[in-house]
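Participant: What follows is model01.tsv, made up of TSV, C-alpha atoms:
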chain	number	residue	atom	x	y	z
A	211	MET	CA	19.05	-29.61	-45.67
A	212	PRO	CA	17.95	-26.69	-43.44
A	213	PRO	CA	16.80	-23.50	-45.18
A	214	ARG	CA	19.11	-20.47	-45.21
A	215	GLY	CA	18.34	-17.56	-42.92
A	216	ARG	CA	17.02	-14.39	-44.56
A	217	ALA	CA	18.69	-11.03	-43.97
A	218	VAL	CA	17.06	-8.83	-41.35
A	219	ASN	CA	16.37	-5.19	-42.20
A	220	ASP	CA	17.40	-3.28	-39.05
A	221	SER	CA	17.36	0.21	-40.57
A	222	LEU	CA	15.60	3.10	-38.86
A	223	THR	CA	11.83	2.69	-38.78
A	224	PRO	CA	9.30	5.53	-38.73
A	225	GLU	CA	8.86	4.83	-35.00
A	226	ASN	CA	12.64	5.22	-34.48
A	227	LEU	CA	12.60	8.53	-36.40
A	228	ALA	CA	9.72	9.79	-34.22
A	229	THR	CA	11.58	8.80	-31.02
A	230	LEU	CA	14.78	10.53	-32.18
A	231	ALA	CA	12.86	13.69	-33.17
A	232	ALA	CA	11.19	13.77	-29.73
A	233	ALA	CA	14.60	13.48	-28.04
A	234	LEU	CA	15.95	16.41	-30.10
A	235	ALA	CA	12.87	18.50	-29.24
A	236	GLU	CA	13.47	17.88	-25.52
A	237	GLY	CA	17.14	18.79	-25.78
A	238	ARG	CA	18.36	15.23	-25.14
A	239	ARG	CA	21.14	13.45	-27.02
A	240	ALA	CA	19.99	11.15	-29.84
A	241	THR	CA	22.45	8.52	-31.12
A	242	VAL	CA	22.35	6.24	-34.20
A	243	TYR	CA	24.85	3.81	-35.76
A	244	LEU	CA	26.13	3.27	-39.32
A	245	ARG	CA	24.89	0.15	-41.11
A	246	GLU	CA	27.68	0.19	-43.70
A	247	PRO	CA	31.33	1.29	-43.40
A	248	ASN	CA	32.56	4.57	-44.90
A	249	PRO	CA	36.12	3.87	-46.15
A	250	SER	CA	36.68	7.47	-47.30
A	251	LEU	CA	36.31	8.73	-43.72
A	252	GLY	CA	37.74	5.61	-42.10
A	253	LEU	CA	34.46	4.76	-40.36
A	254	PRO	CA	33.62	1.07	-39.85
A	255	ASP	CA	30.08	-0.20	-39.66
A	256	GLY	CA	28.53	0.23	-36.23
A	257	THR	CA	30.16	3.66	-35.70
A	258	SER	CA	28.07	5.81	-33.39
A	259	ALA	CA	26.89	9.21	-34.56
A	260	LYS	CA	25.07	12.11	-32.90
A	261	VAL	CA	21.80	13.12	-34.55
A	262	VAL	CA	21.79	16.81	-35.45
A	263	SER	CA	18.46	17.13	-37.27
A	264	ILE	CA	15.79	15.05	-38.99
A	265	ASP	CA	14.02	16.04	-42.23
A	266	GLY	CA	11.67	13.32	-43.42
A	267	ASN	CA	13.84	10.23	-44.05
A	268	THR	CA	17.05	12.30	-44.13
A	269	VAL	CA	19.00	12.31	-40.88
A	270	THR	CA	21.88	14.76	-40.45
A	271	ILE	CA	24.48	13.22	-38.18
A	272	SER	CA	27.93	13.96	-36.75
A	273	PRO	CA	29.85	10.63	-36.67
A	274	LYS	CA	32.30	9.91	-33.89
A	275	GLY	CA	35.80	11.10	-34.82
A	276	VAL	CA	34.54	13.35	-37.68
A	277	ASN	CA	34.24	17.08	-37.16
A	278	ASP	CA	31.49	17.51	-39.71
A	279	GLU	CA	27.77	17.05	-40.22
A	280	LEU	CA	26.75	14.54	-42.90
A	281	PRO	CA	23.29	13.74	-44.32
A	282	TYR	CA	22.30	10.07	-44.28
A	283	GLU	CA	19.15	8.27	-45.29
A	284	ALA	CA	17.19	6.29	-42.71
A	285	GLU	CA	18.01	3.06	-44.62
A	286	GLU	CA	21.73	3.66	-43.99
A	287	LEU	CA	21.39	3.90	-40.19
A	288	ARG	CA	20.16	1.69	-37.36
A	289	ILE	CA	19.14	2.30	-33.74
A	290	THR	CA	21.51	-0.29	-32.17
A	291	ARG	CA	25.27	-0.73	-32.41
A	292	ASN	CA	25.23	-4.40	-33.41
A	293	PRO	CA	23.19	-5.60	-36.41
A	294	ALA	CA	20.11	-7.67	-35.71
A	295	THR	CA	20.65	-11.39	-36.12
A	296	PRO	CA	18.19	-13.42	-38.20
A	297	PRO	CA	16.06	-15.88	-36.28
A	298	ALA	CA	17.41	-19.42	-36.15
A	299	PRO	CA	15.59	-21.83	-38.46
A	300	ALA	CA	13.23	-24.21	-36.78
A	301	LYS	CA	14.57	-27.70	-36.30
A	302	ARG	CA	12.77	-30.56	-37.89
A	303	VAL	CA	11.82	-33.36	-35.60
A	304	ALA	CA	11.98	-36.78	-37.21
A	305	ALA	CA	8.75	-38.68	-36.96
A	306	LYS	CA	8.98	-41.62	-34.65
A	307	ARG	CA	8.20	-44.89	-36.32
A	308	ILE	CA	5.61	-46.97	-34.57
A	309	PRO	CA	6.27	-50.74	-34.86
A	310	PRO	CA	3.41	-52.86	-36.13
A	311	SER	CA	1.24	-54.22	-33.41
A	312	ALA	CA	1.96	-57.78	-32.32
A	313	PRO	CA	-0.62	-60.43	-33.17
A	314	ALA	CA	-3.16	-61.03	-30.49
A	315	GLN	CA	-2.34	-63.97	-28.26
A	316	PRO	CA	-5.03	-66.59	-27.89
A	317	GLN	CA	-6.74	-66.27	-24.53
A	318	ALA	CA	-6.52	-69.25	-22.19
A	319	SER	CA	-9.77	-70.91	-21.42
A	320	ALA	CA	-11.14	-70.12	-17.98
A	321	PRO	CA	-10.87	-73.03	-15.51
A	322	THR	CA	-14.00	-74.78	-14.49
A	323	PRO	CA	-15.04	-73.49	-11.02
A	324	THR	CA	-15.05	-76.13	-8.28
A	325	PRO	CA	-18.33	-76.30	-6.41
A	326	LYS	CA	-17.98	-75.05	-2.87
A	327	ARG	CA	-19.43	-76.81	0.17
A	328	PRO	CA	-22.05	-74.90	2.12
A	329	PRO	CA	-20.68	-73.40	5.33
A	330	ALA	CA	-21.38	-75.18	8.55
A	331	ALA	CA	-24.08	-73.75	10.69
A	332	VAL	CA	-22.79	-71.61	13.52
A	333	ALA	CA	-24.68	-71.42	16.76
A	334	PRO	CA	-25.71	-67.87	17.68
A	335	LYS	CA	-23.84	-66.37	20.58
A	336	ALA	CA	-25.68	-65.19	23.64
A	337	PRO	CA	-25.62	-61.42	24.19
A	338	ALA	CA	-23.00	-60.28	26.66
A	339	THR	CA	-24.31	-59.24	30.03
A	340	PRO	CA	-23.07	-55.75	31.03
A	341	THR	CA	-20.96	-55.82	34.17
A	342	ALA	CA	-21.06	-53.31	36.98
A	343	SER	CA	-17.65	-51.90	36.02
A	344	THR	CA	-18.83	-50.78	32.55
A	345	PRO	CA	-19.93	-47.06	32.65
A	346	SER	CA	-23.24	-46.31	31.04
A	347	THR	CA	-23.57	-43.92	28.12
A	348	SER	CA	-25.78	-41.51	30.06
A	349	ALA	CA	-23.23	-41.16	32.87
A	350	ALA	CA	-20.35	-40.52	30.45
A	351	SER	CA	-22.27	-37.79	28.64
A	352	THR	CA	-22.73	-35.76	31.83
A	353	VAL	CA	-18.97	-35.22	32.35
A	354	PRO	CA	-18.08	-31.70	31.04
A	355	THR	CA	-15.29	-31.51	28.50
A	356	PRO	CA	-12.33	-29.11	29.00
A	357	SER	CA	-13.62	-26.80	26.25
A	358	GLN	CA	-17.04	-26.57	27.93
A	359	ALA	CA	-15.49	-25.92	31.34
A	360	SER	CA	-13.35	-23.07	29.94
A	361	ARG	CA	-16.35	-21.27	28.46
A	362	ARG	CA	-17.28	-19.26	31.48
A	363	PRO	CA	-19.19	-16.00	31.28
A	364	LYS	CA	-17.01	-12.93	31.37
A	365	LYS	CA	-17.20	-10.73	34.40
A	366	ALA	CA	-19.09	-7.52	33.83
A	367	PRO	CA	-16.99	-4.34	34.10
A	368	GLY	CA	-17.38	-2.21	37.20
A	369	GLY	CA	-19.20	1.09	37.32
A	370	ILE	CA	-17.70	4.29	35.93
A	371	SER	CA	-17.59	7.65	37.72
A	372	VAL	CA	-16.85	10.90	35.84
A	373	THR	CA	-15.82	13.79	38.07
A	374	ILE	CA	-15.57	17.42	36.93
A	375	HIS	CA	-13.28	19.78	38.89
A	376	ALA	CA	-13.45	23.59	38.85
A	377	GLY	CA	-10.43	25.59	40.02
A	378	ALA	CA	-10.21	29.03	41.53
A	379	ASP	CA	-8.92	30.54	38.29
A	380	ASN	CA	-11.78	29.08	36.18
A	381	ASP	CA	-9.63	26.11	35.14
A	382	TRP	CA	-11.66	22.95	34.59
A	383	SER	CA	-10.56	19.29	34.48
A	384	VAL	CA	-12.19	15.85	34.37
A	385	THR	CA	-11.19	12.47	35.89
A	386	VAL	CA	-12.62	8.99	35.27
A	387	THR	CA	-12.85	6.18	37.87
A	388	GLN	CA	-13.73	2.63	36.78
A	389	GLY	CA	-14.76	0.20	39.51
A	390	ALA	CA	-12.15	-0.16	42.24
A	391	LYS	CA	-9.35	1.22	40.09
A	392	ARG	CA	-7.56	4.46	40.86
A	393	PRO	CA	-8.87	7.60	39.15
A	394	THR	CA	-7.22	8.55	35.89
A	395	LYS	CA	-5.03	11.61	35.55
A	396	ALA	CA	-7.03	14.83	35.41
A	397	GLN	CA	-7.44	16.09	31.86
A	398	PRO	CA	-8.05	19.84	31.29
A	399	VAL	CA	-11.32	20.82	29.59
A	400	SER	CA	-12.80	24.18	28.62
A	401	PRO	CA	-15.64	25.79	30.59
A	402	GLU	CA	-17.74	25.94	27.42
A	403	SER	CA	-17.51	22.15	26.90
A	404	VAL	CA	-18.46	21.52	30.56
A	405	SER	CA	-21.47	23.83	30.33
A	406	ARG	CA	-22.60	22.21	27.07
A	407	ALA	CA	-22.23	18.68	28.51
A	408	VAL	CA	-24.19	19.53	31.65
A	409	ARG	CA	-27.01	21.07	29.62
A	410	GLU	CA	-27.20	17.86	27.58
A	411	LEU	CA	-27.64	15.83	30.80
A	412	GLY	CA	-30.83	17.72	31.67
A	413	ASP	CA	-30.08	17.89	35.44
A	414	PRO	CA	-31.09	21.35	36.75
A	415	THR	CA	-28.99	21.05	39.92
A	416	ALA	CA	-25.78	20.23	38.06
A	417	ARG	CA	-26.53	22.86	35.41
A	418	ASP	CA	-27.11	25.61	38.01
A	419	ALA	CA	-23.93	24.70	39.91
A	420	VAL	CA	-21.77	24.85	36.79
A	421	GLU	CA	-23.38	28.07	35.56
A	422	ALA	CA	-22.81	29.68	38.97
A	423	VAL	CA	-19.07	28.94	38.87
A	424	ILE	CA	-18.77	30.15	35.28
A	425	SER	CA	-20.81	33.31	36.03
A	426	HIS	CA	-18.60	34.14	39.02
A	427	ALA	CA	-15.48	33.65	36.91
A	428	ARG	CA	-16.99	35.88	34.22
A	429	GLU	CA	-17.67	38.62	36.78
A	430	GLU	CA	-14.15	38.38	38.17
A	431	ALA	CA	-12.71	38.66	34.66
A	432	ALA	CA	-14.86	41.75	33.95
A	433	ARG	CA	-13.75	43.33	37.25
A	434	ARG	CA	-10.08	42.77	36.37
A	435	VAL	CA	-10.63	44.26	32.93
A	436	ALA	CA	-12.22	47.35	34.48
A	437	GLU	CA	-9.38	47.68	37.00
A	438	LEU	CA	-6.73	47.31	34.30
A	439	SER	CA	-8.56	49.86	32.13
A	440	ARG	CA	-8.61	52.35	35.03
A	441	GLN	CA	-4.88	51.84	35.64
A	442	LEU	CA	-4.18	52.25	31.93
A	443	GLU	CA	-6.16	55.50	31.82
A	444	GLU	CA	-4.24	56.85	34.85
A	445	ALA	CA	-0.94	55.94	33.18
A	446	ARG	CA	-1.98	57.74	30.01
A	447	THR	CA	-2.93	60.87	32.01
A	448	THR	CA	0.41	60.85	33.84
A	449	LEU	CA	2.31	60.42	30.56
A	450	ALA	CA	0.42	63.30	28.96
A	451	ALA	CA	1.26	65.60	31.91
A	452	LEU	CA	4.92	64.65	31.70
A	453	GLU	CA	5.03	65.42	28.00
A	454	GLN	CA	3.55	68.90	28.60
A	455	ASP	CA	6.20	69.74	31.22
A	456	VAL	CA	8.94	68.92	28.71
For the structure just supplied, provide its representation as structure tokens.

Facilitator:
Amino acid sequence: MPPRGRAVNDSLTPENLATLAAALAEGRRATVYLREPNPSLGLPDGTSAKVVSIDGNTVTISPKGVNDELPYEAEELRITRNPATPPAPAKRVAAKRIPPSAPAQPQASAPTPTPKRPPAAVAPKAPATPTASTPSTSAASTVPTPSQASRRPKKAPGGISVTIHAGADNDWSVTVTQGAKRPTKAQPVSPESVSRAVRELGDPTARDAVEAVISHAREEAARRVAELSRQLEEARTTLAALEQDV
């Protein structure tokens, strides 16, 4: 006869009370359920209730359908709507009976081996003479396999030419030419980066040529600044004279 299942205590645990208190502190809704019915209020077991406050093991709740706040003990409430079900009893497995072993059968006597006759002597065969049509091993090994024929050295890339262009308005660009290919699209660069790159090369001729173009552009920019400053000063003088006449 299987043993009877024991009742499961699914009342609120200290961990449940701590979780509910944390929910109230964060302003979230905390819900519990009645473990026993309350006939006087017409509340069946499993009725949901909103937690109002928690003081130790006393939980003040507002049950669904009741416009009032009632104190309950933690043992009278649970965290789920449905009561916890007791675990099912383990099933007993009947031991399998092992039949008694059968008596050992007497072993049959081994038959007497019949003496064998010695094999007849076989005359040795003469070694086969290689014919002219049979290829030798050395000739076959010299034929390259497809994998060996495909392993050819890669062709070395062509030379690379880097060309720096300087415009009339001190605008610089660079193009790259690789082998017989067409030059790449000109990319703008700053005069400072060109001057720094040429100095790194250590070629006096290239350095002097670049510095000459940059120096001329610097002088032209200074001349324009002086001209614009002179025009601005004349405009200020004219404006001051006009203001005095008014």

Participant: Atom CA of Leu449 of chain A and atom CA of Ala436 of chain A, how far apart in Å?

Facilitator: 19.9 Å

Participant: What gap, in Å, lies between atom CA of Ile271 of chain A and atom CA of Asn219 of chain A?

Facilitator: 20.5 Å

Participant: When you count only C-alpha atoms, which of these residues is closest to Thr373 of chain A: A:Asn292, A:Thr387, A:Asn226, A:Gln441?

Facilitator: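 Distance minimum relative to Thr373 of chain A lands on A:Thr387.
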
Participant: Which is closer to Asp255 of chain A than all the others in A:Thr241, A:Ser272, A:Thr229, A:Thr290, using all atoms listed in the file?

Facilitator: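 Ranking A:Thr241, A:Ser272, A:Thr229, A:Thr290 by distance to Asp255 of chain A, first place goes to A:Thr290.
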
Participant: Can you pull out the residues contacting Thr385 of chain A? Cut-off 6 Å, using all atoms listed in the file, and skip same-chain residues under 2 positions away; I want them as a VMD selection string.

Facilitator: chain A and resid 372 to 373 394 396

Participant: Show me the residues around (28.7, 8.4, -37.7) - criterion: an atom at most 9 Å away, all atoms listed in the file counted - as a PyMOL selection string.

Facilitator: chain A and resi 242-244+253+255-261+271-276+280+287

Participant: Rounded to one decimal in Å, what is the spacing between atom CA of Arg433 of chain A and atom CA of Ser383 of chain A?

Facilitator: 24.4 Å

Participant: Which residue out of A:Gly412, A:Ile424, A:Asp379, A:Ser371 has the minimum interatomic distance to Pro393 of chain A when all atoms listed in the file are used?

Facilitator: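 Checking each of A:Gly412, A:Ile424, A:Asp379, A:Ser371 against Pro393 of chain A, counting all atoms listed in the file, the winner is A:Ser371.
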
Participant: Looking at A:Pro401, A:Pro247, A:Gly377, A:Pro224, which one is nearest to Ala284 of chain A, with distances taken over only C-alpha atoms?

Facilitator: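 That would be A:Pro224, the residue with the smallest distance to Ala284 of chain A.
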
Participant: List as a PyMOL selection string the protein and nucleic acid residues near Ala376 of chain A, meaning an atom at most 12 Å away when only C-alpha atoms are counted, but skip any in the same chain fewer than 4 places from it.

Facilitator: chain A and resi 380-385+396-401+404-405+419-424+426-427

Participant: Each side padded by 6 Å, which centre and which edge lengths in Å (one decimal) define the axis-aligned box around the listed atoms of segment 260-276 of chain A? Give them as JSON.

Facilitator:
{"center_x": 23.7, "center_y": 13.5, "center_z": -38.5, "size_x": 36.1, "size_y": 19.2, "size_z": 23.2}
